[in-house]
Amino acid sequence: MVSLVEVYRRWPTKYDCIAHLEAVRWGGLPLCPYCGTDRVSRNRDIKRGLTASRWKCQRCDRSFSVTVGTIFQNSHVDLQRWFLLILLMLNAKKGLSAMQAARDLDMRRPTVWSMMHRVRAALADDGKLLSGIVEMDEAYVGGKRRPANRKDDDEPGRHRPGRFKSLR
Ligand SMILES: [Zn+2]
């Protein structure tokens, strides 16, 4: 199991969280979430240089980040808190109440409650994106895939649902 401290070690900034999600979701081949093309490039902001989180599609001209279409989309909560909550949920042997999680994360209970709802739905649907957070010691090192695991990891439905049984 990953410890909470590990979250801050592995992902000290928001950009580390994003890099991790990009590696897990795209595995080095970013796709536009709107039209599906791989003709995308990182947004270049003249003032800030190369931004770490935004991409631009060259076909449909829309801009996006890796969180589009995931449970993290349109959330004002920072990604580290999201990662922490996911770990709290997975580490809790007897289940985690929204009240407890709200205390641990210093957040409002309704916010945590809706986040937990999204996490459960994502795990039930396809835990692949989130499994990267808990399985990083096995398949992901420093946000990069091990080449030997690459083919298997790319196959859909490889997230071993049994791992998340306690959440259902
Ligand atoms: Zn597009």
# chains A, B, ... in the order shown; residues from 1 in each chain; ligands from 1
>>> residues_near_ligand(ligand="ligand 1", cutoff="7 Å", atoms="only C-alpha atoms and all ligand atoms", output="ChimeraX atom specification")
/A:32-37,57-62
>>> select_by_dssp(residues="stretch 20-147 of chain A", states="helix (DSSP H, G or I)", output="PyMOL selection string")
chain A and resi 20-26+79-91+98-105+109-126+128-134+136-139+147
>>> closest_residue(among="A:Asp104, A:Arg54, A:Leu129, A:Arg109", to="A:His20", atoms="only C-alpha atoms")
A:Leu129
>>> closest_residue(among="A:Val40, A:Ala23, A:Leu29, A:Ala101", to="A:Leu84", atoms="only C-alpha atoms")
A:Ala101
>>> closest_residue(among="A:Val7, A:Leu31, A:Met107, A:Val68", to="A:Ile86", atoms="only C-alpha atoms")
A:Val7
>>> atom_distance(atom1="atom CA of A:Met99", atom2="atom CA of A:Val2")
22.1 Å
>>> select_by_dssp(residues="stretch 46-111 of chain A", states="strand (DSSP E or B)", output="list in words")
Gly49, Leu50, Thr51, Ala52, Ser53, Arg54, Trp55, Lys56, Cys57, Ser63 and Phe64 of chain A
>>> residues_around(residues="A:Trp113", least_positions_apart="6", cutoff="12 Å", atoms="only C-alpha atoms", output="number ranges by chain")
A: 85, 89, 96-103, 107, 119-120
>>> write_last_selection(atoms="N, CA and C atoms", output="mmCIF file, in the first residue's frame")
data_model
loop_
_atom_site.group_PDB
_atom_site.id
_atom_site.type_symbol
_atom_site.label_atom_id
_atom_site.label_comp_id
_atom_site.auth_asym_id
_atom_site.auth_seq_id
_atom_site.Cartn_x
_atom_site.Cartn_y
_atom_site.Cartn_z
ATOM 1 N N LEU A 85 -7.298 11.497 -1.259
ATOM 2 C CA LEU A 85 -8.601 10.906 -0.969
ATOM 3 C C LEU A 85 -8.694 9.487 -1.529
ATOM 4 N N MET A 89 -9.343 6.142 0.659
ATOM 5 C CA MET A 89 -10.438 5.211 0.375
ATOM 6 C C MET A 89 -9.912 3.798 0.186
ATOM 7 N N LEU A 96 -14.548 4.126 4.373
ATOM 8 C CA LEU A 96 -14.205 5.464 4.835
ATOM 9 C C LEU A 96 -15.463 6.329 4.778
ATOM 10 N N SER A 97 -15.778 6.996 5.873
ATOM 11 C CA SER A 97 -16.933 7.885 5.840
ATOM 12 C C SER A 97 -16.510 9.246 5.309
ATOM 13 N N ALA A 98 -17.469 9.912 4.671
ATOM 14 C CA ALA A 98 -17.171 11.248 4.142
ATOM 15 C C ALA A 98 -16.794 12.190 5.283
ATOM 16 N N MET A 99 -17.386 11.942 6.449
ATOM 17 C CA MET A 99 -17.091 12.805 7.584
ATOM 18 C C MET A 99 -15.621 12.665 8.005
ATOM 19 N N GLN A 100 -15.171 11.418 8.078
ATOM 20 C CA GLN A 100 -13.770 11.165 8.433
ATOM 21 C C GLN A 100 -12.821 11.757 7.392
ATOM 22 N N ALA A 101 -13.126 11.511 6.113
ATOM 23 C CA ALA A 101 -12.259 12.013 5.042
ATOM 24 C C ALA A 101 -12.221 13.536 5.052
ATOM 25 N N ALA A 102 -13.360 14.158 5.330
ATOM 26 C CA ALA A 102 -13.413 15.618 5.378
ATOM 27 C C ALA A 102 -12.503 16.141 6.482
ATOM 28 N N ARG A 103 -12.497 15.433 7.607
ATOM 29 C CA ARG A 103 -11.596 15.837 8.700
ATOM 30 C C ARG A 103 -10.145 15.670 8.293
ATOM 31 N N MET A 107 -11.511 19.497 4.542
ATOM 32 C CA MET A 107 -12.412 19.962 3.493
ATOM 33 C C MET A 107 -13.845 19.872 3.977
ATOM 34 N N VAL A 119 -15.170 8.912 -7.298
ATOM 35 C CA VAL A 119 -14.087 7.910 -7.248
ATOM 36 C C VAL A 119 -14.673 6.505 -7.321
ATOM 37 N N ARG A 120 -15.743 6.264 -6.537
ATOM 38 C CA ARG A 120 -16.363 4.929 -6.566
ATOM 39 C C ARG A 120 -16.871 4.588 -7.951
#
